[in-house]
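Here is the file data_3.txt (compact mmCIF, C-alpha atoms).
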# COMPACT_ATOMS: atom_id res chain seq x y z
CA MET M 1 16.33 -22.36 0.25
CA ASP M 2 17.36 -20.68 3.50
CA ARG M 3 18.15 -17.49 1.59
CA PHE M 4 14.67 -17.36 0.08
CA LYS M 5 13.21 -18.03 3.53
CA MET M 6 15.16 -15.11 5.00
CA ILE M 7 14.02 -12.81 2.17
CA PHE M 8 10.40 -13.87 2.68
CA GLN M 9 10.64 -13.28 6.44
CA TYR M 10 12.18 -9.84 5.81
CA PHE M 11 9.38 -8.80 3.48
CA GLN M 12 6.82 -10.25 5.88
CA SER M 13 8.17 -8.28 8.84
CA ASN M 14 8.87 -5.01 7.04
CA SER M 15 5.68 -3.25 6.00
CA GLU M 16 7.44 -0.66 3.81
CA SER M 17 9.25 -3.39 1.87
CA VAL M 18 5.95 -5.20 1.32
CA MET M 19 4.36 -2.02 -0.05
CA ASN M 20 7.36 -1.35 -2.29
CA GLY M 21 7.15 -4.89 -3.64
CA ILE M 22 3.43 -4.53 -4.32
CA CYS M 23 4.03 -1.23 -6.15
CA ALA M 24 6.71 -2.88 -8.29
CA ILE M 25 4.33 -5.74 -9.11
CA LEU M 26 1.61 -3.27 -10.13
CA ALA M 27 4.07 -1.36 -12.31
CA VAL M 28 5.20 -4.52 -14.10
CA ALA M 29 1.58 -5.64 -14.43
CA SER M 30 0.64 -2.31 -16.05
CA VAL M 31 3.30 -2.81 -18.73
CA LYS M 32 2.17 -6.40 -19.33
CA ILE M 33 -1.47 -5.34 -19.60
CA TYR M 34 -0.63 -2.62 -22.12
CA ASN M 35 1.43 -5.01 -24.24
CA THR M 36 -1.41 -7.53 -24.35
CA LEU M 37 -4.04 -4.85 -25.02
CA ASP M 38 -5.74 -5.07 -28.43
CA PHE M 39 -5.53 -1.42 -29.49
CA ASN M 40 -7.98 -0.54 -32.29
CA CYS M 41 -8.48 3.14 -33.00
CA PRO M 42 -12.04 3.88 -34.27
CA CYS M 43 -10.70 6.32 -36.91
CA LEU M 44 -13.85 8.44 -36.69
CA PRO M 45 -14.29 12.14 -35.98
CA ASN M 46 -15.05 12.95 -32.32
CA TYR M 47 -14.17 9.39 -31.29
CA ASN M 48 -10.42 9.21 -31.87
CA MET M 49 -9.55 11.68 -29.13
CA ILE M 50 -11.96 10.08 -26.64
CA TYR M 51 -10.60 6.60 -27.32
CA GLY M 52 -6.93 7.60 -27.34
CA LEU M 53 -7.05 9.73 -24.20
CA GLY M 54 -9.31 7.16 -22.53
CA ILE M 55 -6.74 4.41 -23.06
CA MET M 56 -4.03 6.78 -21.86
CA PHE M 57 -5.68 8.03 -18.65
CA VAL M 58 -8.57 5.76 -17.56
CA PRO M 59 -6.46 2.64 -16.73
CA PRO M 60 -4.06 4.76 -14.61
CA ILE M 61 -7.03 5.84 -12.48
CA ALA M 62 -7.90 2.17 -11.91
CA LEU M 63 -4.25 1.36 -11.13
CA PHE M 64 -4.11 4.29 -8.71
CA LEU M 65 -7.18 3.03 -6.87
CA CYS M 66 -5.69 -0.48 -6.77
CA GLY M 67 -2.53 0.98 -5.26
CA LEU M 68 -4.63 2.62 -2.54
CA ILE M 69 -6.62 -0.56 -1.90
CA VAL M 70 -3.64 -2.91 -1.51
CA ASN M 71 -1.78 -0.46 0.75
CA ARG M 72 -2.84 -1.31 4.30
CA GLN M 73 -1.42 1.99 5.55
CA SER M 74 -4.27 3.84 3.84
CA VAL M 75 -6.73 2.22 6.27
CA ILE M 76 -4.42 2.93 9.21
CA MET M 77 -4.05 6.56 8.10
CA ILE M 78 -7.83 7.07 7.88
CA ASP M 79 -8.29 5.39 11.26
CA GLU M 80 -5.64 7.62 12.82
CA TRP M 81 -7.22 10.70 11.27
CA LYS M 82 -10.82 9.93 12.28
CA ARG M 83 -10.31 8.30 15.67
CA PRO M 84 -11.39 10.11 18.87
CA THR M 85 -8.60 11.80 20.77
CA GLY M 86 -9.20 9.98 24.06
CA ARG M 87 -6.09 9.61 26.20
CA ARG M 88 -3.76 9.87 23.21
CA LYS M 89 -3.40 13.11 21.28
CA LYS M 90 -3.39 13.10 17.49
CA ASP M 91 -0.41 14.32 15.48
CA LEU M 92 -1.36 15.61 12.03
CA SER M 93 2.25 15.45 10.84
CA ILE M 94 2.07 11.65 11.10
CA VAL M 95 -1.09 11.61 8.99
CA LYS M 96 0.56 13.89 6.40
CA TYR M 97 3.64 11.68 6.26
CA MET M 98 1.55 8.54 5.79
CA PHE M 99 -0.59 10.31 3.16
CA SER M 100 2.47 11.37 1.15
CA SER M 101 4.04 7.89 1.31
CA ILE M 102 0.74 6.28 0.25
CA LEU M 103 0.40 8.69 -2.70
CA GLN M 104 4.00 8.14 -3.81
CA ARG M 105 3.58 4.37 -3.88
CA ALA M 106 0.12 4.50 -5.49
CA MET M 107 1.36 6.78 -8.29
CA VAL M 108 4.10 4.43 -9.49
CA ALA M 109 1.93 2.13 -11.62
CA PRO M 110 -0.15 4.97 -13.22
CA VAL M 111 3.00 6.90 -14.15
CA VAL M 112 4.52 3.77 -15.68
CA TRP M 113 1.34 3.24 -17.72
CA ILE M 114 1.29 6.84 -19.02
CA LEU M 115 4.99 6.74 -19.89
CA THR M 116 4.52 3.42 -21.69
CA THR M 117 1.66 4.79 -23.79
CA LEU M 118 3.59 7.96 -24.65
CA LEU M 119 6.75 6.11 -25.63
CA ASP M 120 4.72 3.68 -27.74
CA GLY M 121 2.82 6.52 -29.44
CA LYS M 122 -0.28 4.67 -30.67
CA CYS M 123 -2.69 6.41 -28.29
CA PHE M 124 -1.20 9.80 -29.06
CA VAL M 125 -1.50 9.25 -32.83
CA CYS M 126 -5.10 8.11 -32.43
CA ALA M 127 -6.05 11.04 -30.20
CA PHE M 128 -4.40 13.88 -32.14
CA SER M 129 -4.36 12.74 -35.77
CA GLY M 130 -7.25 15.11 -36.54
CA SER M 131 -5.40 18.09 -35.00
CA VAL M 132 -2.41 18.00 -37.36
CA ASP M 133 -1.81 20.98 -39.66
CA PRO M 134 -2.33 19.52 -43.17
CA ASP M 135 -0.27 22.25 -44.84
CA LYS M 136 2.91 20.61 -43.55
CA PHE M 137 2.20 17.45 -45.56
CA PRO M 138 1.91 17.65 -49.37
CA GLY M 139 -0.16 14.49 -49.69
CA PHE M 140 -3.25 16.31 -48.40
CA ALA M 141 -2.98 19.34 -50.69
CA ASN M 142 -5.57 18.35 -53.29
CA SER M 143 -8.31 17.35 -50.86
CA SER M 144 -11.35 19.33 -49.77
CA SER M 145 -11.82 20.29 -46.15
CA LEU M 146 -14.27 17.44 -45.41
CA GLU M 147 -12.14 14.83 -47.18
CA LEU M 148 -9.06 16.22 -45.50
CA LEU M 149 -10.61 15.81 -42.06
CA GLN M 150 -11.67 12.23 -42.83
CA LEU M 151 -8.19 11.41 -44.10
CA LEU M 152 -6.55 12.80 -41.00
CA TYR M 153 -8.80 10.76 -38.73
CA LYS M 154 -7.98 7.67 -40.84
CA VAL M 155 -4.22 8.02 -40.26
CA PRO M 156 -4.07 5.46 -37.39
CA CYS M 157 -5.90 2.88 -39.56
CA LYS M 158 -3.22 2.04 -42.09
CA GLU M 159 -5.32 -0.74 -43.66
CA ASP M 160 -8.21 1.59 -44.51
CA VAL M 161 -8.91 1.98 -48.25
CA LEU M 162 -9.03 5.80 -48.16
CA ILE M 163 -5.63 6.24 -46.51
CA ARG M 164 -3.75 3.12 -47.59
CA ASN M 165 -2.13 4.67 -50.70
CA ASN M 166 -1.69 8.18 -49.30
CA THR M 167 1.98 9.20 -49.27
CA SER M 168 1.67 11.44 -46.22
CA ARG M 169 0.07 8.93 -43.85
CA LYS M 170 3.40 7.60 -42.60
CA ALA M 171 4.74 11.14 -42.29
CA VAL M 172 1.80 12.19 -40.09
CA SER M 173 2.14 9.04 -38.00
CA ARG M 174 5.89 9.55 -37.53
CA TYR M 175 5.34 13.23 -36.70
CA LEU M 176 2.83 12.43 -33.95
CA LYS M 177 4.94 9.55 -32.59
CA CYS M 178 7.93 11.86 -32.34
CA TRP M 179 5.87 14.33 -30.31
CA SER M 180 4.53 11.53 -28.12
CA GLN M 181 7.99 10.11 -27.42
CA ALA M 182 9.40 13.58 -26.80
CA ILE M 183 6.71 14.27 -24.20
CA GLY M 184 7.26 10.84 -22.63
CA TRP M 185 11.03 11.24 -22.38
CA GLY M 186 10.55 14.80 -21.09
CA ILE M 187 8.27 13.59 -18.28
CA LEU M 188 10.70 10.79 -17.44
CA LEU M 189 13.64 13.21 -17.34
CA LEU M 190 11.65 15.61 -15.16
CA LEU M 191 10.82 12.84 -12.69
CA ILE M 192 14.46 11.74 -12.56
CA VAL M 193 15.64 15.31 -11.95
CA LEU M 194 13.05 15.80 -9.17
CA ALA M 195 14.08 12.51 -7.54
CA PHE M 196 17.75 13.50 -7.80
CA LEU M 197 17.10 16.92 -6.24
CA ALA M 198 15.00 15.41 -3.46
CA ARG M 199 17.72 12.87 -2.74
CA SER M 200 20.56 15.40 -2.87
CA LEU M 201 18.93 18.24 -0.94
CA LYS M 202 17.39 16.07 1.75
CA PRO M 203 20.56 15.96 3.97
CA CYS M 204 20.76 19.78 3.82
CA PHE M 205 17.68 20.20 5.99
CA ASP M 206 16.98 19.31 9.61
CA GLN M 207 15.91 15.67 9.80
CA THR M 208 14.47 15.77 13.32
CA ALA M 209 10.84 16.20 12.32
CA PHE M 210 11.19 13.63 9.55
CA LEU M 211 12.69 11.03 11.90
CA GLN M 212 9.97 11.65 14.47
CA THR M 213 7.09 11.32 11.99
CA ARG M 214 8.65 8.24 10.40
CA TYR M 215 9.17 6.61 13.79
CA TRP M 216 5.61 7.18 14.96
CA SER M 217 4.09 6.15 11.64
CA ASN M 218 6.01 2.87 11.89
CA TYR M 219 4.88 2.60 15.50
CA ILE M 220 1.21 2.95 14.54
CA ASP M 221 1.61 0.28 11.87
CA ILE M 222 3.37 -2.15 14.22
CA GLU M 223 0.94 -1.39 17.03
CA GLN M 224 -1.99 -2.33 14.81
CA LYS M 225 -0.30 -5.61 13.85
CA ILE M 226 0.43 -6.51 17.47
CA PHE M 227 -3.12 -5.57 18.47
CA ASP M 228 -4.55 -7.86 15.77
CA GLU M 229 -2.27 -10.71 16.87
CA THR M 230 -3.23 -10.19 20.52
CA CYS M 231 -6.92 -10.13 19.58
CA CYS M 232 -6.48 -13.47 17.80
CA GLU M 233 -4.78 -14.98 20.88
CA HIS M 234 -7.43 -13.54 23.16
CA ALA M 235 -10.26 -14.82 20.94
CA ARG M 236 -8.63 -18.26 20.79
CA ASP M 237 -8.42 -18.46 24.59
CA PHE M 238 -11.96 -17.12 24.99
CA ALA M 239 -13.30 -19.68 22.51
CA HIS M 240 -11.34 -22.43 24.26
CA LYS M 241 -12.81 -21.50 27.64
CA CYS M 242 -16.34 -21.31 26.23
CA ILE M 243 -16.02 -24.69 24.52
CA LEU M 244 -14.64 -26.33 27.67
CA HIS M 245 -17.48 -24.84 29.66
CA PHE M 246 -20.01 -26.12 27.12
CA PHE M 247 -18.53 -29.61 27.21
CA GLU M 248 -18.03 -29.59 30.96
CA SER M 249 -19.51 -33.04 31.30
CA MET M 250 -16.95 -34.37 28.77
CA HIS M 251 -13.98 -32.55 30.29
CA LYS M 252 -12.30 -35.72 31.55
CA GLU M 253 -12.55 -37.47 28.19
CA MET M 254 -11.15 -34.36 26.43
CA LYS M 255 -8.15 -34.33 28.76
CA ILE M 256 -7.44 -37.99 28.04
CA GLY M 257 -7.89 -37.56 24.28
CA HIS M 258 -6.53 -35.12 21.73
CA PHE M 259 -7.17 -31.91 23.73
CA THR M 260 -4.68 -32.69 26.53
CA ILE M 261 -3.87 -29.42 28.31
CA THR M 262 -2.20 -29.29 31.70
CA LYS M 263 -3.02 -26.63 34.23
CA LYS M 264 0.42 -25.08 33.92
CA GLU M 265 0.16 -24.78 30.13
CA ASP M 266 -3.36 -23.39 30.45
CA GLU M 267 -2.12 -20.69 32.83
CA GLU M 268 0.80 -19.82 30.53
CA LYS M 269 -1.42 -19.44 27.46
CA ASP M 270 -4.28 -17.62 29.18
CA HIS M 271 -4.71 -14.16 27.63
CA LEU M 272 -8.18 -13.39 29.00
CA HIS M 273 -7.02 -11.12 31.87
CA GLY M 274 -10.34 -11.33 33.70
CA ILE M 275 -12.56 -11.02 30.60
CA THR M 276 -15.40 -13.46 31.15
CA ASP M 277 -18.37 -12.45 28.99
CA HIS M 278 -19.51 -10.88 25.73
CA GLU M 279 -20.13 -7.39 27.12
CA GLN M 280 -16.68 -7.14 28.67
CA VAL M 281 -15.05 -7.98 25.33
CA ASN M 282 -17.14 -5.33 23.57
CA ASN M 283 -16.27 -2.74 26.22
CA LEU M 284 -12.59 -3.61 25.89
CA LEU M 285 -12.62 -3.13 22.11
CA LYS M 286 -14.64 0.08 22.44
CA SER M 287 -12.15 1.40 24.99
CA TRP M 288 -9.27 0.65 22.62
CA TYR M 289 -10.90 2.58 19.77
CA ARG M 290 -12.22 5.56 21.71
CA SER M 291 -9.46 5.95 24.28
CA LYS M 292 -6.19 4.39 23.21
CA PRO M 293 -3.58 4.19 25.98
CA PRO M 294 -1.03 7.02 26.15
CA LEU M 295 2.37 6.48 24.58
CA CYS M 296 4.16 6.05 27.88
CA VAL M 297 5.58 2.84 29.39
CA ASN M 298 6.48 4.47 32.72
CA HIS M 299 3.29 3.46 34.51
CA PRO M 300 3.23 2.95 38.33
CA THR M 301 2.36 -0.74 37.94
CA LEU M 302 5.32 -1.28 35.65
CA ARG M 303 7.61 0.51 38.06
CA GLN M 304 6.37 -1.66 40.93
CA ASN M 305 6.89 -4.84 38.93
CA ALA M 306 10.36 -3.77 37.89
CA LYS M 307 11.21 -2.85 41.50
CA ALA M 308 9.92 -6.19 42.76
CA LYS M 309 11.91 -7.98 40.09
CA ASN M 310 15.07 -6.10 41.03
CA ASN M 311 14.53 -6.82 44.73
CA GLY M 312 13.97 -10.48 43.95
CA SER M 313 17.13 -10.70 41.87
CA SER M 314 19.19 -8.91 44.54
CA LEU M 315 17.81 -11.26 47.21
CA GLU M 316 18.71 -14.24 45.09
CA ASP M 317 22.23 -12.87 44.59
CA ASN M 318 22.65 -12.46 48.33
CA ILE M 319 21.54 -16.04 48.95
CA ASN M 320 23.98 -17.30 46.33
CA ARG M 321 26.81 -15.33 47.90
CA GLN M 322 26.04 -16.73 51.36
CA THR M 323 25.95 -20.21 49.89
CA ASP M 324 29.33 -19.72 48.22
CA VAL M 325 30.82 -18.50 51.49
Please render this file's structure as structure tokens.
Amino acid sequence: MDRFKMIFQYFQSNSESVMNGICAILAVASVKIYNTLDFNCPCLPNYNMIYGLGIMFVPPIALFLCGLIVNRQSVIMIDEWKRPTGRRKKDLSIVKYMFSSILQRAMVAPVVWILTTLLDGKCFVCAFSGSVDPDKFPGFANSSSLELLQLLYKVPCKEDVLIRNNTSRKAVSRYLKCWSQAIGWGILLLLIVLAFLARSLKPCFDQTAFLQTRYWSNYIDIEQKIFDETCCEHARDFAHKCILHFFESMHKEMKIGHFTITKKEDEEKDHLHGITDHEQVNNLLKSWYRSKPPLCVNHPTLRQNAKAKNNGSSLEDNINRQTDV
């Protein structure tokens, strides 16, 4: 149980792992959906190709959009791209890196769907049965051009009366399935080769720019999470203060009852930082959006606090030494 808890905490804390898990779930779901799909080719001229190619390419578009929707980095990328510059400059390399990672993850499920349909071959047979050269199959030799076209479009419907007893129906179906599987395996091999080359050649180039863009893209993601958490804490404290102010006449009873809060605990959990009304909260949020703070922790106030802390610790050490003596 502890192992599962650690795995869950890891996926919860690591945004990239969460996105990879969601992409894997979408890929598995695409295969399950295709296997449960009731595929019925219309076996009619001008409809077979529309139906076959529609089944092959329309669901991947929906899966691609789902991959973009569930990826929270897509919203962060758009926000980073469209936000005002303010006190923090914008780096387009970070936006490009986030855009490429979002596309790579969103394309997993559509590619799995297309490969599944090609390796299965039903959609390909339905779409291109009317485009087969009939001279390669002797079973269509004695048919007129109109009958020949109807027979070719009836190839996916093996239970149809016109094509049921035709000796070349299975040959046409096998021929198209072989082409479909060859294209599917070719695309899969191409993707594997590209992934291998990208993995092998990556150490041969300078990784400085890649490390920088990856670091700051992770920073933007984590910064947004921390900002949301801080907003929740701030809103909780603000609501608590407003409720206590509203029930000021019942403050004593609330302290005695369930809402017992000491002054020390109230000071420790206070995240308002001088924000006392609705307009100040709105101005604070507007300032965050329009003028985010610069990426620098070496502010004068921080230096003064650190100096005071060091002086206090040195003073305490001196007192302890004098006591020991």
For this session: Do a neighbour search on M:Ala209 at 12 Å with all atoms listed in the file, toss out local chain neighbours closer than 3 positions, and write the hits as a ChimeraX atom specification.
Result: /M:91,93-94,97,205-206,212-216
Seminar exercise, completed: Of M:Arg199, M:Lys122, M:Arg72, M:Lys82, the one sitting nearest M:Arg105 when using all atoms listed in the file is M:Arg72
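Going from atom CA of M:Asn218 over to atom CA of M:Glu16, you cover 8.9 Å.
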For this session: Name all residues at most 9 Å from stretch 145-149 of chain M (count all atoms listed in the file; drop same-chain ones fewer than 5 positions away) and give them as a ChimeraX atom specification.
Result: /M:45,130,134,140,154
Problem set entry | M:Leu176 environment, 8 Å, only C-alpha atoms, sequence neighbours closer than 4 positions dropped, as a list in words | Gly121, Phe124, Val125, Phe128, Ser129, Val172 and Ser180 of chain M
Exercise. Which value, in Å to one decimal, gives the distance between atom CA of M:Trp185 and atom CA of M:Ala62?
Worked result: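 Answer for the atom CA of M:Trp185 to atom CA of M:Ala62 separation: 23.5 Å.
Here atom CA of M:Asn165 is placed at a distance of 18.2 Å from atom CA of M:Lys136.
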Problem set entry | Residue among M:Gln150, M:Ser217, M:Thr85, M:Thr116 lying closest to M:Asn46, counting all atoms listed in the file |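 Using all atoms listed in the file, the shortest distance to M:Asn46 belongs to M:Gln150.
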Please identify all polymer residues lying at most 12 Å from the point (2.2, -5.6, -8.8) (file coordinates), using all atoms listed in the file, and present the result as a compact mmCIF listing (two decimals) with C-alpha atoms, keeping the file's coordinate frame.
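So the final result, stored in selection.txt, reads:
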# COMPACT_ATOMS: atom_id res chain seq x y z
CA VAL M 18 5.95 -5.20 1.32
CA MET M 19 4.36 -2.02 -0.05
CA ASN M 20 7.36 -1.35 -2.29
CA GLY M 21 7.15 -4.89 -3.64
CA ILE M 22 3.43 -4.53 -4.32
CA CYS M 23 4.03 -1.23 -6.15
CA ALA M 24 6.71 -2.88 -8.29
CA ILE M 25 4.33 -5.74 -9.11
CA LEU M 26 1.61 -3.27 -10.13
CA ALA M 27 4.07 -1.36 -12.31
CA VAL M 28 5.20 -4.52 -14.10
CA ALA M 29 1.58 -5.64 -14.43
CA SER M 30 0.64 -2.31 -16.05
CA VAL M 31 3.30 -2.81 -18.73
CA LYS M 32 2.17 -6.40 -19.33
CA ILE M 33 -1.47 -5.34 -19.60
CA LEU M 63 -4.25 1.36 -11.13
CA PHE M 64 -4.11 4.29 -8.71
CA CYS M 66 -5.69 -0.48 -6.77
CA GLY M 67 -2.53 0.98 -5.26
CA VAL M 70 -3.64 -2.91 -1.51
CA ASN M 71 -1.78 -0.46 0.75
CA ARG M 105 3.58 4.37 -3.88
CA ALA M 106 0.12 4.50 -5.49
CA VAL M 108 4.10 4.43 -9.49
CA ALA M 109 1.93 2.13 -11.62
CA PRO M 110 -0.15 4.97 -13.22
CA VAL M 112 4.52 3.77 -15.68
For this session: Quick one: everything within 9 Å of M:Ile114, counting all atoms listed in the file, minus sequence neighbours fewer than 3 positions away in the same chain. Send it as a PyMOL selection string.
Result: chain M and resi 56-57+60+109-111+117-119+184
Exercise. Near stretch 291-297 of chain M, counting only C-alpha atoms, which residues have an atom at most 12 Å away, once you skip same-chain residues fewer than 3 positions from it, shown as JSON, numbers by chain?
Worked result: {"M": [80, 83, 84, 85, 86, 87, 88, 89, 90, 216, 219, 220, 223, 224, 227, 283, 284, 285, 286, 287, 288, 300, 301, 302, 303, 306]}
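Nearest to M:Cys126 of all the residues M:Ser101, M:Thr230, M:Ser200, M:Ser173 is M:Ser173, based on all atoms listed in the file.
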